[in-house]
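Heads up, the thing below is written out as structure tokens.
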Amino acid sequence: MTTSPGPARGYLLDNARAEAGERFVWLAELFDGVTRGHIGRLGIGEGARCWEVGAGGRGIPEALAAAAFFPVGGRACDRLEAATVRHVRGELLAAGLADDAEIDAHLAAVDAGELDLTLAPLISAWGRRPG
């Protein structure tokens, strides 16, 4: 039996693992545009004070006043899928949910563009402190 490289218990997509950085790159490519669109529609601009909370990189704080689109697939989605599978590979193996050959075949299909991958919708929320 193959053992997991990560912790035996805890959050499956632990941000302390080395693979997390690659996942954040592709999450940002997929969703930063959506967040920038919300910011633009809210009229947030120069002089506004914003509190950016979430599991993201530096892209949104650096571009709080930019505008954007809703991603449903494409290269970033494929790369996110591959990064996620690599991230949880040990747990999939340890739980007996897949074997090495199945994981390798899935990653090869992703890399070859053979899958039509998409993500669940991104849900965003925002608010303003009264006066």
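To be explicit about the labels: the chains of the structure tokens are called A, B, and onward in the order shown, and within each one the residues are counted from 1, while ligands get numbers from 1 in the order they are shown.
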Please provide the set of residues having any atom within 12 Å of Ala98 (chain A), restricted to only C-alpha atoms, with same-chain residues fewer than 4 positions apart removed, written as a ChimeraX atom specification.
-> /A:1-2,85,88-94,102-106
Output the selection as a PDB file, in the first residue's frame - C-alpha atoms for each residue.
```pdb
ATOM      1  CA  MET A   1       0.000   0.000   0.000  1.00  0.00           C
ATOM      2  CA  THR A   2       1.278   3.471  -0.872  1.00  0.00           C
ATOM      3  CA  VAL A  85      -4.862  15.553  -8.841  1.00  0.00           C
ATOM      4  CA  VAL A  88      -4.158  14.756  -3.620  1.00  0.00           C
ATOM      5  CA  ARG A  89      -2.506  11.790  -5.346  1.00  0.00           C
ATOM      6  CA  GLY A  90      -1.245  10.284  -2.095  1.00  0.00           C
ATOM      7  CA  GLU A  91      -4.651  10.510  -0.480  1.00  0.00           C
ATOM      8  CA  LEU A  92      -6.362   8.949  -3.519  1.00  0.00           C
ATOM      9  CA  LEU A  93      -3.898   6.061  -3.412  1.00  0.00           C
ATOM     10  CA  ALA A  94      -4.089   5.631   0.368  1.00  0.00           C
ATOM     11  CA  GLU A 102      -5.582   5.289 -13.276  1.00  0.00           C
ATOM     12  CA  ILE A 103      -4.130   8.554 -12.008  1.00  0.00           C
ATOM     13  CA  ASP A 104      -1.430   8.564 -14.685  1.00  0.00           C
ATOM     14  CA  ALA A 105      -4.039   7.862 -17.385  1.00  0.00           C
ATOM     15  CA  HIS A 106      -6.231  10.706 -16.135  1.00  0.00           C
TER      16      HIS A 106
END
```
Looking at A:Gly131, A:Gly47, A:Gly74, A:Gly59, which one is nearest to Asp32 (chain A), with distances taken over only C-alpha atoms?
->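 Of A:Gly131, A:Gly47, A:Gly74, A:Gly59, the one nearest Asp32 (chain A), counting only C-alpha atoms, is A:Gly59.
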Point out the residue among A:Arg128, A:Glu22, A:Leu42, A:Phe31 with the least atom-to-atom distance to Arg86 (chain A), counting only C-alpha atoms.
->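 Looking at the shortest contact to Arg86 (chain A), the residue is A:Glu22.
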Length of the CA of Ala109 (chain A) to CA of Arg17 (chain A) vector [Å] |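 Atom-to-atom, CA of Ala109 (chain A) and CA of Arg17 (chain A) are spaced 24.5 Å apart.
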Residues within 10 Å of Val110 (chain A), only C-alpha atoms, excluding chain neighbours under 3 positions, as a PyMOL selection string = chain A and resi 75+77-79+81-82+104-107+113-117
